Amino acid sequence: MDFKKEAVKVLKKALPREKDFAIEIPKDAKLGDIAFPCFTLAEKEKRNPSVIAKEVVKKIKLKGTIFTGVTSFGPYINFFLDKDRASQEIIKELNKKELIKKSKPERVMVEFFQPNTHKGIHIGHTRNVIIGESISRILEEKGIRVVRTTYGGDIGPHVAKCLWGYMNLNLKPEGDKGEWLGRVYAIANEKINTEQKKKEVNSVNNRLYAGDKSLVTVWKLTRNWSINHMNKVLKLVNTKMNSFLWESQVEKSGLKIAKQLLKKGVLKESEGAIIADLTKHGLEVVVIVAKDGTPLYLAKDLGLAELEFKKHKVSKVIHVVAVEQLLYFKQLFKIFELAGWKWAENSVHRVYELVGLKEGRMSSRTGNLILFTELYEKMFNLALTEVQKRNPKLKLKKQEELSHQIAMSAMKYGMLSRDLNRKILFDYKDWLSFEGNTGPYIQYSYVRAKKILKKLGKARAQMIKIENDYEYGLVNQLNKFPAVYASAYKKLNPPVIARYAYELATAFSKFYEHCPVIKSEYSGSRAKIIKTYLIVMGKVIHLLGLKPMNMM
RNA sequence: GGGCCCGUAGCCUAGUCAGGAUAGGGCGACAGCCUUCUAAGCUGUAGGUCGGGGGUUCGAAUCCCCUCGGGCUCACCA
């Protein structure tokens with residue numbers, strides 16, 4: 001419910017000559033519910049805004065409106081809502097079936113989680129997949145059909161290095177073989193320190209590109225280990241990809257498109273390579289096919305775009321990719337545009353900043369990284385000891401299930417609550433905390449709400465009666481959901497939802513502490529508020545990529 | 001050097017796009033609250049040159065200019 005409109009109506013009657021009313025929400029609820037600052041009026045009339053505010057207040061008539069009071073405080077005119085009536089309307093609105101109005105049906109691809117095979121999956125990938133999943137759910141809430149897509153790098157120099165290490169260094173597989181390959185890659189990198197060895201790696205790369213049978217067999221075997229590991233990670237974060245695309249799938253078609261664009265004059269040759277000169281667009285020069293004929297990343301992306309738009313029949317592709325590739329995507333989209341393809345306007349690069357360590361940048365090459373499973377296991381174990389403390393009689397399987405959800409809540413909320421433009425400097429201390437502004441806190445508030453209703457049993461349906469600020473504080477937070485969602489959708493920005501989740505959970509925790517429900521004469525009204533809280537918070541938790549928990 | 005991003009208490013962070021009322025939170029510290037819906041909670045206290053300097057404005061963390069610090073990026077990696 002938007003009560004600003006009501007305030008504007010009232011103000012128009014008092015100030016018939018005014019057209020635009022810049023309504024605000026007071027920072028402090030004690031000041032009022034809706035505010036109208038008189039600064040612009042003061043400027044027009046060249047008079048003191050505080051005096052104007054006082055005069056206008058005298059002219060305002062509230063009879064028959066949703067407001068119970070209006071006062072001036074300095075240059076501000078502050079309106080006070082009839083809390084019972086306002087809450088009644090808010091709760092009614094939020095209990096409607098279609099909380100978010102659906103848009104026209106559309107198929108959109110969200111391309112996220114672009115890991116390389118033969119390398120480890122670290123917490124940088126984790127930020128990506130968590131953002132991608134949340135954006136997908138935000139779109140789905142609007143009724144959009146989302147095609148979740150992974151684009152994996154399964155060929156290229158890094159694969160050659162890893163395979164060289166695998167075949168020459170006589171290392172023994174241990175644990176998850178896909179994860180182990182990441183270590184092989186890091187060790188190989190260290191060992192490839194002579195010209196002779198570099199030649200050998202190059203030869204592996206060329207033979208693989210040429211389709212050498214015995215090498216392809218090894219490649220397929222190890223590639224599968226990596227893919228199994230990726231699937232394990234995706235399962236843990238509860239993301240179900242609709243399609244897996246690979247560089248090896250698009251390099252040939254990409255090369256073909258690059259050559260066509262060369263003929264058309266969109267691209268040109270330089271020093272034996274195929275390049276795009278985008279300097280006059282302020283986008284530098286970019287190499288598309290290397291002078292030895294190998295299609296580079298951009299060539300592959302041309303093939304990928306064709307596959308994504310044509311085969312998957314999507315109207316739009318959203319690439320969730322870190323900031324390092326900001327210029328790169330501008331170049332890619334510019335080439336779409338120069339080629340005269342509509343892909344240009346239907347492609348979006350959703351940028352986010354990297355996850356780094358205090359010691360410096362994470363790198364699969366040097367092994368300076370935190371693996372996804374490393375962090376997950378630490379979180380899981382910590383959650384498990386807590387769960388066992390609180391629910392000692394619960395079966396181990398159930399305890400583990402809860403611990404998994406708690407760990408994922410902490411991880412996802414941690415990844416989503418920070419602004420996407422802000423780099424995350426990873427520190428275990430921050431991530432192994434489940435108190436305060438964290439995912440488990442949000443889940444906990446949901447669990448408590450659920451428990452109250454369970455214990456209460458059936459409550460009589462009743463009108464909302466607001467007895468104190470904590471009740472209205474919660475209702476007021478609930479009322480913000482549609483606007484919060486709209487902002488997150490418009491900007492493809494999950495952090496907006498995450499921050500709201502915390503504010504909403506806080507409002508509930510205060511309500512919980514100060515408003516008994518079960519043994520209260522207001523139990524009917526309060527139960528209705530809690531029910532609405534569960535609807536909204538349930539949706540919010542889902543949008544963050546999580547499942548609302550029923551016990552902790 | 002050019003382009004983009006970040007700089008808010010000891011640490012982490014919201015607010016910056018659409019300028020307004022004493023700059024919100026969290027962690028950590030200190031002091032309280034569990035025979036009463038799970039204390040992963042609640043209530044207080046202490047802690048701030050909003051990197052710095054100019055400007056615009058009745059009013060600037062927010063807009064403009066300059067400047068300092070950090071990160072990413074700028075032709076054959078992805």
# chains A, B, ... in the order shown; residues from 1 in each chain; ligands from 1
>>> interface_residues(of="chain B", to="chain A", cutoff="9 Å", atoms="only C-alpha atoms (C1' of nucleotides)", output="VMD selection string")
chain B and resid 3 to 6 12 to 14 20 to 21 25 to 27 37 to 38 40 to 42 58 71 to 78
>>> select_by_dssp(residues="range 299-490 of chain A", states="strand (DSSP E)", output="list of chain:residue names")
A:Lys316, A:Val317, A:Ile318, A:His319, A:Val320, A:Val321, A:Ala322, A:Ser347, A:Val348, A:His349, A:Arg350, A:Val351, A:Tyr352, A:Val355, A:Gly356, A:Leu357, A:Ile424, A:Leu425, A:Phe426
>>> write_last_selection(atoms="N, CA and C atoms", output="PDB file, in the first residue's frame")
ATOM      1  N   LYS A 316      16.608 -12.728 -24.604  1.00  0.00           N
ATOM      2  CA  LYS A 316      17.603 -11.917 -23.924  1.00  0.00           C
ATOM      3  C   LYS A 316      18.604 -12.845 -23.250  1.00  0.00           C
ATOM      4  N   VAL A 317      19.865 -12.429 -23.215  1.00  0.00           N
ATOM      5  CA  VAL A 317      20.871 -13.206 -22.479  1.00  0.00           C
ATOM      6  C   VAL A 317      21.528 -12.303 -21.449  1.00  0.00           C
ATOM      7  N   ILE A 318      21.486 -12.732 -20.217  1.00  0.00           N
ATOM      8  CA  ILE A 318      22.153 -11.991 -19.149  1.00  0.00           C
ATOM      9  C   ILE A 318      23.402 -12.767 -18.761  1.00  0.00           C
ATOM     10  N   HIS A 319      24.560 -12.157 -18.966  1.00  0.00           N
ATOM     11  CA  HIS A 319      25.821 -12.806 -18.599  1.00  0.00           C
ATOM     12  C   HIS A 319      26.227 -12.316 -17.213  1.00  0.00           C
ATOM     13  N   VAL A 320      26.267 -13.220 -16.261  1.00  0.00           N
ATOM     14  CA  VAL A 320      26.743 -12.848 -14.925  1.00  0.00           C
ATOM     15  C   VAL A 320      28.237 -13.155 -14.892  1.00  0.00           C
ATOM     16  N   VAL A 321      29.034 -12.121 -15.034  1.00  0.00           N
ATOM     17  CA  VAL A 321      30.487 -12.298 -15.152  1.00  0.00           C
ATOM     18  C   VAL A 321      31.197 -11.187 -14.381  1.00  0.00           C
ATOM     19  N   ALA A 322      32.321 -11.536 -13.755  1.00  0.00           N
ATOM     20  CA  ALA A 322      33.035 -10.584 -12.898  1.00  0.00           C
ATOM     21  C   ALA A 322      33.568  -9.379 -13.670  1.00  0.00           C
ATOM     22  N   SER A 347      21.626  -8.273 -25.090  1.00  0.00           N
ATOM     23  CA  SER A 347      22.654  -8.878 -24.253  1.00  0.00           C
ATOM     24  C   SER A 347      22.978  -7.949 -23.098  1.00  0.00           C
ATOM     25  N   VAL A 348      23.089  -8.521 -21.940  1.00  0.00           N
ATOM     26  CA  VAL A 348      23.391  -7.728 -20.752  1.00  0.00           C
ATOM     27  C   VAL A 348      24.584  -8.364 -20.036  1.00  0.00           C
ATOM     28  N   HIS A 349      25.492  -7.533 -19.603  1.00  0.00           N
ATOM     29  CA  HIS A 349      26.573  -8.033 -18.758  1.00  0.00           C
ATOM     30  C   HIS A 349      26.288  -7.588 -17.332  1.00  0.00           C
ATOM     31  N   ARG A 350      25.933  -8.539 -16.458  1.00  0.00           N
ATOM     32  CA  ARG A 350      25.693  -8.189 -15.063  1.00  0.00           C
ATOM     33  C   ARG A 350      27.034  -8.317 -14.344  1.00  0.00           C
ATOM     34  N   VAL A 351      27.613  -7.187 -14.016  1.00  0.00           N
ATOM     35  CA  VAL A 351      28.958  -7.166 -13.437  1.00  0.00           C
ATOM     36  C   VAL A 351      28.911  -7.356 -11.927  1.00  0.00           C
ATOM     37  N   TYR A 352      29.936  -7.981 -11.398  1.00  0.00           N
ATOM     38  CA  TYR A 352      30.106  -8.002  -9.943  1.00  0.00           C
ATOM     39  C   TYR A 352      31.594  -8.031  -9.655  1.00  0.00           C
ATOM     40  N   VAL A 355      36.071 -11.886  -5.462  1.00  0.00           N
ATOM     41  CA  VAL A 355      36.371 -12.279  -4.089  1.00  0.00           C
ATOM     42  C   VAL A 355      37.885 -12.420  -4.017  1.00  0.00           C
ATOM     43  N   GLY A 356      38.481 -11.732  -3.071  1.00  0.00           N
ATOM     44  CA  GLY A 356      39.940 -11.794  -2.966  1.00  0.00           C
ATOM     45  C   GLY A 356      40.363 -12.206  -1.570  1.00  0.00           C
ATOM     46  N   LEU A 357      41.625 -12.463  -1.428  1.00  0.00           N
ATOM     47  CA  LEU A 357      42.163 -12.799  -0.118  1.00  0.00           C
ATOM     48  C   LEU A 357      43.044 -11.648   0.357  1.00  0.00           C
ATOM     49  N   ILE A 424      34.921  -8.432  -2.207  1.00  0.00           N
ATOM     50  CA  ILE A 424      34.883  -9.140  -0.929  1.00  0.00           C
ATOM     51  C   ILE A 424      36.296  -9.601  -0.597  1.00  0.00           C
ATOM     52  N   LEU A 425      36.810  -9.107   0.516  1.00  0.00           N
ATOM     53  CA  LEU A 425      38.097  -9.615   0.996  1.00  0.00           C
ATOM     54  C   LEU A 425      37.782 -10.717   1.989  1.00  0.00           C
ATOM     55  N   PHE A 426      38.023 -11.934   1.576  1.00  0.00           N
ATOM     56  CA  PHE A 426      37.575 -13.071   2.358  1.00  0.00           C
ATOM     57  C   PHE A 426      38.331 -13.214   3.675  1.00  0.00           C
TER      58      PHE A 426
END
>>> atom_distance(atom1="CA of Asn189 in chain A", atom2="CA of Ile121 in chain A")
17.0 Å
>>> residues_around(residues="range 211-219 of chain A", least_positions_apart="2", cutoff="10 Å", atoms="only C-alpha atoms (C1' of nucleotides)", output="MDAnalysis selection string")
chainID A and resid 118 154:155 159:160 162:163 166:167 204:209 221:225
>>> select_by_dssp(residues="range 392-516 of chain A", states="helix (DSSP H, G or I)", output="PyMOL selection string")
chain A and resi 396-416+428-431+439-456+469-479+481-491+494-514
>>> closest_residue(among="B:C63, B:C50, B:A31, B:C68", to="G15 in chain B", atoms="only C-alpha atoms (C1' of nucleotides)")
B:C50
>>> atom_distance(atom1="CA of Glu251 in chain A", atom2="CA of His312 in chain A")
18.0 Å
>>> atom_distance(atom1="CA of Lys313 in chain A", atom2="CA of Glu141 in chain A")
20.4 Å
